[in-house]
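*Asks:* My structure is in start.tsv, and what it holds is TSV, C-alpha atoms:
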```
chain	number	residue	atom	x	y	z
A	11	MET	CA	178.67	147.91	101.38
A	12	ASN	CA	180.44	145.90	98.72
A	13	LYS	CA	178.96	143.12	96.62
A	14	LEU	CA	180.44	140.31	98.67
A	15	GLN	CA	178.90	141.59	101.89
A	16	ALA	CA	175.51	142.07	100.15
A	17	TYR	CA	175.60	138.47	98.92
A	18	ARG	CA	176.41	137.27	102.44
A	19	TRP	CA	173.43	139.14	103.88
A	20	ALA	CA	171.14	137.85	101.13
A	21	THR	CA	172.32	134.28	101.71
A	22	ALA	CA	171.82	134.60	105.47
A	23	GLY	CA	168.35	136.06	104.91
A	24	LEU	CA	167.36	133.23	102.58
A	25	LEU	CA	168.72	130.67	105.05
A	26	ILE	CA	166.59	132.18	107.84
A	27	VAL	CA	163.50	132.20	105.63
A	28	ASN	CA	164.07	128.53	104.75
A	29	LEU	CA	164.55	127.56	108.40
A	30	VAL	CA	161.34	129.37	109.40
A	31	LEU	CA	159.47	127.65	106.58
A	32	LEU	CA	160.78	124.23	107.65
A	33	ALA	CA	159.82	124.96	111.26
A	34	VAL	CA	156.27	125.86	110.21
A	35	VAL	CA	155.95	122.73	108.07
A	36	PHE	CA	157.24	120.34	110.73
A	37	PHE	CA	156.07	121.99	113.94
A	38	GLY	CA	153.03	123.95	112.78
A	39	PRO	CA	149.43	122.84	113.21
A	40	ALA	CA	148.67	119.42	111.82
A	41	PRO	CA	146.44	119.47	108.75
A	42	ARG	CA	142.92	118.19	109.29
A	43	GLY	CA	142.52	114.62	108.27
A	44	GLY	CA	139.73	113.09	106.28
A	45	PRO	CA	136.14	112.87	107.50
A	46	HIS	CA	137.04	110.07	109.93
A	47	ALA	CA	139.62	112.14	111.80
A	48	SER	CA	137.41	115.20	112.03
A	49	ALA	CA	134.39	113.11	113.04
A	50	ARG	CA	136.35	111.70	115.93
A	51	GLU	CA	137.49	115.18	116.90
A	52	ILE	CA	134.16	116.93	116.40
A	53	LEU	CA	132.00	114.29	118.05
A	54	GLY	CA	134.52	113.16	120.65
A	55	LEU	CA	134.17	109.48	119.70
A	56	ASP	CA	135.74	106.87	121.96
A	57	ASP	CA	137.64	103.91	120.48
A	58	ASP	CA	134.59	101.64	120.19
A	59	GLN	CA	132.46	104.37	118.63
A	60	HIS	CA	135.26	105.25	116.23
A	61	ALA	CA	135.64	101.62	115.14
A	62	GLU	CA	131.89	101.43	114.50
A	63	PHE	CA	132.03	104.76	112.68
A	64	LEU	CA	134.77	103.41	110.41
A	65	ARG	CA	132.71	100.29	109.71
A	66	LEU	CA	129.64	102.37	108.87
A	67	ALA	CA	131.70	104.70	106.69
A	68	GLY	CA	133.23	101.77	104.80
A	69	THR	CA	129.82	100.25	104.14
A	70	HIS	CA	128.45	103.63	103.07
A	71	ARG	CA	131.40	104.18	100.72
A	72	GLN	CA	130.89	100.77	99.07
A	73	ASN	CA	127.15	101.34	98.65
A	74	MET	CA	127.69	104.81	97.19
A	75	GLN	CA	130.33	103.49	94.81
A	76	ALA	CA	127.93	100.81	93.56
A	77	LEU	CA	125.22	103.45	93.01
A	78	ASN	CA	127.69	105.77	91.27
A	79	ASP	CA	128.78	102.92	88.98
A	80	ARG	CA	125.15	102.15	88.16
A	81	GLN	CA	124.40	105.80	87.49
A	82	THR	CA	127.45	106.12	85.23
A	83	GLN	CA	126.34	103.11	83.21
A	84	LEU	CA	122.79	104.43	82.86
A	85	LEU	CA	123.99	107.86	81.79
A	86	ARG	CA	126.50	106.39	79.35
A	87	THR	CA	123.80	104.28	77.72
A	88	TYR	CA	121.43	107.25	77.55
A	89	LEU	CA	123.97	109.71	76.18
A	90	GLU	CA	125.39	107.27	73.64
A	91	GLN	CA	122.00	107.49	71.92
A	92	LEU	CA	123.08	110.90	70.63
A	93	ALA	CA	125.13	109.13	67.98
A	94	THR	CA	122.16	107.25	66.54
A	95	VAL	CA	118.91	108.97	67.57
A	96	SER	CA	117.86	112.39	66.29
A	97	ASP	CA	114.94	112.89	68.70
A	98	VAL	CA	115.56	113.55	72.37
A	99	PRO	CA	114.53	110.42	74.25
A	100	PRO	CA	113.13	110.85	77.77
A	101	VAL	CA	115.58	110.46	80.63
A	102	PRO	CA	115.16	106.98	82.08
A	103	GLY	CA	113.36	107.01	85.42
A	104	GLU	CA	116.04	104.74	86.83
A	105	VAL	CA	118.57	107.60	86.63
A	106	CYS	CA	116.39	109.64	88.97
A	107	SER	CA	115.74	106.68	91.24
A	108	VAL	CA	119.48	106.03	91.61
A	109	GLU	CA	120.03	109.66	92.65
A	110	THR	CA	117.13	109.41	95.10
A	111	GLU	CA	118.62	106.24	96.54
A	112	LYS	CA	121.97	108.00	97.02
A	113	VAL	CA	120.25	110.73	99.06
A	114	ARG	CA	118.32	108.18	101.13
A	115	LEU	CA	121.46	106.12	101.71
A	116	THR	CA	123.37	109.18	102.94
A	117	TYR	CA	120.49	110.17	105.22
A	118	ARG	CA	120.38	106.67	106.75
A	119	HIS	CA	124.16	106.67	107.14
A	120	LEU	CA	124.14	109.99	109.01
A	121	ASN	CA	121.26	108.77	111.15
A	122	ASP	CA	123.20	105.58	111.98
A	123	ILE	CA	126.11	107.76	113.13
A	124	LYS	CA	123.68	109.77	115.24
A	125	GLN	CA	122.55	106.55	116.96
A	126	LEU	CA	126.15	105.90	118.07
A	127	LEU	CA	126.33	109.10	120.11
A	128	THR	CA	125.77	109.65	123.79
A	129	ALA	CA	123.62	112.52	125.05
A	130	GLU	CA	126.74	114.63	125.69
A	131	GLN	CA	128.05	113.99	122.16
A	132	MET	CA	124.71	114.96	120.61
A	133	THR	CA	125.48	118.62	121.27
A	134	ALA	CA	128.28	118.39	118.68
A	135	TYR	CA	126.14	116.56	116.09
A	136	PRO	CA	124.88	119.75	114.36
A	137	VAL	CA	128.51	120.87	113.93
A	138	PHE	CA	129.34	117.47	112.45
A	139	ILE	CA	126.40	117.70	110.02
A	140	GLU	CA	127.47	121.19	108.95
A	141	ASP	CA	131.01	119.90	108.36
A	142	ILE	CA	129.69	117.00	106.28
A	143	LEU	CA	127.43	119.30	104.27
A	144	GLN	CA	130.37	121.58	103.54
A	145	ARG	CA	132.37	118.60	102.30
A	146	ILE	CA	129.54	117.27	100.14
A	147	LEU	CA	128.67	120.65	98.67
A	148	LEU	CA	132.29	121.69	98.21
A	149	GLN	CA	132.94	118.44	96.37
A	150	GLN	CA	130.11	119.29	94.00
A	151	GLU	CA	131.41	122.85	93.52
A	152	LYS	CA	134.81	121.55	92.37
A	153	ASN	CA	133.36	120.61	89.00
A	154	PRO	CA	133.95	123.51	86.63
A	155	PRO	CA	131.01	124.98	84.76
A	156	PRO	CA	130.57	123.93	81.15
A	157	PRO	CA	132.31	126.12	78.59
A	158	LYS	CA	130.25	128.96	77.15
A	159	ASP	CA	129.61	129.15	73.43
A	160	SER	CA	131.25	132.17	71.88
```
Starting from the coordinates I provided, produce the structure as C-alpha coordinates.

*Replies:*
Amino acid sequence: MNKLQAYRWATAGLLIVNLVLLAVVFFGPAPRGGPHASAREILGLDDDQHAEFLRLAGTHRQNMQALNDRQTQLLRTYLEQLATVSDVPPVPGEVCSVETEKVRLTYRHLNDIKQLLTAEQMTAYPVFIEDILQRILLQQEKNPPPPKDS
(Lines of atoms letter the chains of each structure in order from A and count residues from 1; the text may use other names and numbers.)
(Lines give C-alpha, C1' and ligand atoms only; values in the text may rest on other atoms or scores of the structure.)
Protein backbone atom coordinates (compact mmCIF):
# COMPACT_ATOMS: atom_id res chain seq x y z
CA MET A 1 0.00 0.00 0.00
CA ASN A 2 1.54 3.28 -1.04
CA LYS A 3 1.34 6.57 0.83
CA LEU A 4 -1.39 8.03 -1.35
CA GLN A 5 -3.70 5.09 -0.73
CA ALA A 6 -2.99 5.23 3.04
CA TYR A 7 -3.90 8.93 3.10
CA ARG A 8 -7.13 8.19 1.23
CA TRP A 9 -8.12 5.53 3.77
CA ALA A 10 -7.23 7.81 6.68
CA THR A 11 -9.27 10.65 5.17
CA ALA A 12 -12.25 8.36 4.58
CA GLY A 13 -11.98 7.05 8.14
CA LEU A 14 -11.89 10.55 9.60
CA LEU A 15 -14.86 11.57 7.44
CA ILE A 16 -16.87 8.60 8.74
CA VAL A 17 -15.95 9.41 12.35
CA ASN A 18 -17.04 13.03 11.84
CA LEU A 19 -20.34 11.99 10.26
CA VAL A 20 -21.06 9.59 13.14
CA LEU A 21 -20.24 12.32 15.65
CA LEU A 22 -22.55 14.79 13.89
CA ALA A 23 -25.33 12.18 13.80
CA VAL A 24 -24.99 11.58 17.54
CA VAL A 25 -25.02 15.31 18.29
CA PHE A 26 -28.07 16.08 16.14
CA PHE A 27 -30.08 12.88 16.43
CA GLY A 28 -28.95 11.50 19.79
CA PRO A 29 -30.88 11.82 23.03
CA ALA A 30 -31.79 15.36 23.97
CA PRO A 31 -29.93 16.69 26.99
CA ARG A 32 -32.01 17.10 30.12
CA GLY A 33 -33.20 20.62 30.59
CA GLY A 34 -33.20 22.64 33.75
CA PRO A 35 -35.28 21.81 36.80
CA HIS A 36 -38.46 22.99 35.07
CA ALA A 37 -38.15 20.55 32.19
CA SER A 38 -37.31 17.60 34.41
CA ALA A 39 -40.06 18.51 36.88
CA ARG A 40 -42.59 18.40 34.08
CA GLU A 41 -41.20 15.07 32.91
CA ILE A 42 -40.79 13.50 36.35
CA LEU A 43 -44.11 14.63 37.78
CA GLY A 44 -46.10 14.50 34.54
CA LEU A 45 -47.39 18.06 34.94
CA ASP A 46 -50.15 19.25 32.63
CA ASP A 47 -50.01 22.73 31.08
CA ASP A 48 -51.84 24.48 33.94
CA GLN A 49 -49.72 22.76 36.59
CA HIS A 50 -46.56 23.58 34.66
CA ALA A 51 -47.52 27.25 34.41
CA GLU A 52 -48.14 27.34 38.16
CA PHE A 53 -44.87 25.50 38.76
CA LEU A 54 -43.01 28.12 36.72
CA ARG A 55 -44.68 30.91 38.70
CA LEU A 56 -43.75 29.25 42.01
CA ALA A 57 -40.20 28.65 40.80
CA GLY A 58 -39.82 32.29 39.72
CA THR A 59 -41.04 33.55 43.08
CA HIS A 60 -38.76 31.11 44.90
CA ARG A 61 -35.77 32.19 42.79
CA GLN A 62 -36.41 35.88 43.56
CA ASN A 63 -36.81 35.21 47.29
CA MET A 64 -33.64 33.10 47.40
CA GLN A 65 -31.71 35.76 45.49
CA ALA A 66 -32.80 38.41 47.99
CA LEU A 67 -31.70 36.18 50.89
CA ASN A 68 -28.39 35.40 49.17
CA ASP A 69 -27.77 39.12 48.63
CA ARG A 70 -28.53 39.81 52.29
CA GLN A 71 -26.26 36.99 53.42
CA THR A 72 -23.44 38.24 51.18
CA GLN A 73 -23.72 41.72 52.65
CA LEU A 74 -23.73 40.41 56.22
CA LEU A 75 -20.71 38.20 55.59
CA ARG A 76 -18.85 40.99 53.82
CA THR A 77 -19.41 43.33 56.75
CA TYR A 78 -18.35 40.66 59.23
CA LEU A 79 -15.24 39.57 57.35
CA GLU A 80 -14.12 43.12 56.59
CA GLN A 81 -13.56 43.47 60.33
CA LEU A 82 -10.41 41.38 59.88
CA ALA A 83 -8.66 44.48 58.58
CA THR A 84 -9.33 46.50 61.73
CA VAL A 85 -10.14 44.16 64.64
CA SER A 86 -7.58 41.83 66.21
CA ASP A 87 -10.05 39.84 68.33
CA VAL A 88 -12.47 37.41 66.71
CA PRO A 89 -15.92 38.96 66.96
CA PRO A 90 -18.90 36.61 67.30
CA VAL A 91 -20.72 35.70 64.11
CA PRO A 92 -23.85 37.84 63.88
CA GLY A 93 -27.00 35.86 64.63
CA GLU A 94 -28.60 37.33 61.54
CA VAL A 95 -26.22 35.30 59.34
CA CYS A 96 -27.61 32.11 60.86
CA SER A 97 -31.18 33.35 60.65
CA VAL A 98 -30.79 34.11 56.94
CA GLU A 99 -29.54 30.56 56.32
CA THR A 100 -32.43 29.17 58.37
CA GLU A 101 -34.87 31.26 56.33
CA LYS A 102 -33.38 29.88 53.10
CA VAL A 103 -34.04 26.32 54.31
CA ARG A 104 -37.59 27.18 55.40
CA LEU A 105 -38.28 28.96 52.11
CA THR A 106 -37.12 25.93 50.11
CA TYR A 107 -39.21 23.59 52.25
CA ARG A 108 -42.33 25.73 51.71
CA HIS A 109 -41.59 25.94 47.99
CA LEU A 110 -41.33 22.15 47.66
CA ASN A 111 -44.48 21.75 49.72
CA ASP A 112 -46.31 24.22 47.43
CA ILE A 113 -45.27 22.09 44.45
CA LYS A 114 -46.56 19.02 46.28
CA GLN A 115 -49.96 20.72 46.67
CA LEU A 116 -50.20 21.07 42.86
CA LEU A 117 -50.08 17.33 42.29
CA THR A 118 -52.89 14.88 41.79
CA ALA A 119 -52.97 11.55 43.64
CA GLU A 120 -51.50 9.77 40.60
CA GLN A 121 -48.65 12.30 40.34
CA MET A 122 -47.82 11.94 44.04
CA THR A 123 -46.19 8.58 43.32
CA ALA A 124 -43.46 10.44 41.39
CA TYR A 125 -42.96 13.11 44.07
CA PRO A 126 -40.22 11.19 45.96
CA VAL A 127 -38.27 10.85 42.69
CA PHE A 128 -38.67 14.59 42.12
CA ILE A 129 -37.42 15.35 45.66
CA GLU A 130 -34.41 13.08 45.14
CA ASP A 131 -33.64 14.87 41.86
CA ILE A 132 -33.88 18.26 43.56
CA LEU A 133 -31.67 17.13 46.44
CA GLN A 134 -29.07 15.90 43.97
CA ARG A 135 -29.11 19.29 42.25
CA ILE A 136 -28.86 21.23 45.50
CA LEU A 137 -26.13 19.05 46.96
CA LEU A 138 -24.21 18.81 43.69
CA GLN A 139 -24.29 22.58 43.42
CA GLN A 140 -22.72 22.80 46.86
CA GLU A 141 -20.08 20.19 45.97
CA LYS A 142 -18.92 22.26 42.98
CA ASN A 143 -17.12 24.66 45.28
CA PRO A 144 -13.51 23.51 45.58
CA PRO A 145 -12.04 22.93 49.01
CA PRO A 146 -9.84 25.66 50.43
CA PRO A 147 -6.14 25.34 49.63
CA LYS A 148 -4.05 23.48 52.19
CA ASP A 149 -1.15 25.19 53.89
CA SER A 150 2.15 23.63 52.95

*Asks:* Could you tell me how far atom CA of Leu29 of chain A sits from atom CA of Asn12 of chain A, in Å to one decimal place?

*Replies:*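 These two atoms are separated by 26.1 Å.
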
*Asks:* Hey, can you pull every residue with an atom no more than 12 Å from (123.9, 103.3, 86.1), using only C-alpha atoms, and send it as a PDB file with C-alpha atoms, in the coordinates of the input?

*Replies:*
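Writing done, so here's part-v3.pdb:
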```
ATOM      1  CA  MET A  74     127.690 104.810  97.190  1.00  0.00           C
ATOM      2  CA  GLN A  75     130.330 103.490  94.810  1.00  0.00           C
ATOM      3  CA  ALA A  76     127.930 100.810  93.560  1.00  0.00           C
ATOM      4  CA  LEU A  77     125.220 103.450  93.010  1.00  0.00           C
ATOM      5  CA  ASN A  78     127.690 105.770  91.270  1.00  0.00           C
ATOM      6  CA  ASP A  79     128.780 102.920  88.980  1.00  0.00           C
ATOM      7  CA  ARG A  80     125.150 102.150  88.160  1.00  0.00           C
ATOM      8  CA  GLN A  81     124.400 105.800  87.490  1.00  0.00           C
ATOM      9  CA  THR A  82     127.450 106.120  85.230  1.00  0.00           C
ATOM     10  CA  GLN A  83     126.340 103.110  83.210  1.00  0.00           C
ATOM     11  CA  LEU A  84     122.790 104.430  82.860  1.00  0.00           C
ATOM     12  CA  LEU A  85     123.990 107.860  81.790  1.00  0.00           C
ATOM     13  CA  ARG A  86     126.500 106.390  79.350  1.00  0.00           C
ATOM     14  CA  THR A  87     123.800 104.280  77.720  1.00  0.00           C
ATOM     15  CA  TYR A  88     121.430 107.250  77.550  1.00  0.00           C
ATOM     16  CA  LEU A  89     123.970 109.710  76.180  1.00  0.00           C
ATOM     17  CA  PRO A 102     115.160 106.980  82.080  1.00  0.00           C
ATOM     18  CA  GLY A 103     113.360 107.010  85.420  1.00  0.00           C
ATOM     19  CA  GLU A 104     116.040 104.740  86.830  1.00  0.00           C
ATOM     20  CA  VAL A 105     118.570 107.600  86.630  1.00  0.00           C
ATOM     21  CA  CYS A 106     116.390 109.640  88.970  1.00  0.00           C
ATOM     22  CA  SER A 107     115.740 106.680  91.240  1.00  0.00           C
ATOM     23  CA  VAL A 108     119.480 106.030  91.610  1.00  0.00           C
ATOM     24  CA  GLU A 109     120.030 109.660  92.650  1.00  0.00           C
TER      25      GLU A 109
END
```

*Asks:* Provide the atom CA of Ala134 of chain A to atom CA of Leu53 of chain A distance in Å, to one decimal place.

*Replies:*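 It comes out at 5.6 Å.
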
*Asks:* Pick out the closest residue to Arg65 of chain A from this set: A:Lys13, A:Arg114, A:Arg18, A:His119. Count all atoms listed in the file.

*Replies:*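 Counting all atoms listed in the file, the residue closest to Arg65 of chain A is A:His119.
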
*Asks:* With only C-alpha atoms as the atoms that count, which of A:Val34, A:Tyr117, A:Pro100, A:Leu126 lies nearest to His60 of chain A?

*Replies:*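 Ranked by minimum distance to His60 of chain A, first place goes to A:Leu126.
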
*Asks:* Would you mind reading off the distance between atom CA of Leu115 of chain A and atom CA of Thr128 of chain A, one decimal, in Å?

*Replies:*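 Pair atom CA of Leu115 of chain A / atom CA of Thr128 of chain A returns 22.8 Å.
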
*Asks:* From the set A:Ala33, A:Ala61, A:Gly38, A:Leu14, which residue has the shortest atom-to-atom contact distance to Ile123 of chain A, counting only C-alpha atoms?

*Replies:*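 Checking each candidate against Ile123 of chain A, we get A:Ala61 as the closest.
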
*Asks:* Please return as an MDAnalysis selection string every residue within 12 Å of (131.5, 105.5, 118.4), taking into account only C-alpha atoms and the file's own coordinates.

*Replies:* chainID A and resid 46 49:67 122:128 131:132

*Asks:* Taking only C-alpha atoms into account, name the residue in A:Gly23, A:Asn28, A:Val98, A:Lys112 that is nearest to Arg71 of chain A.

*Replies:*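 Checking each candidate against Arg71 of chain A, we get A:Lys112 as the closest.
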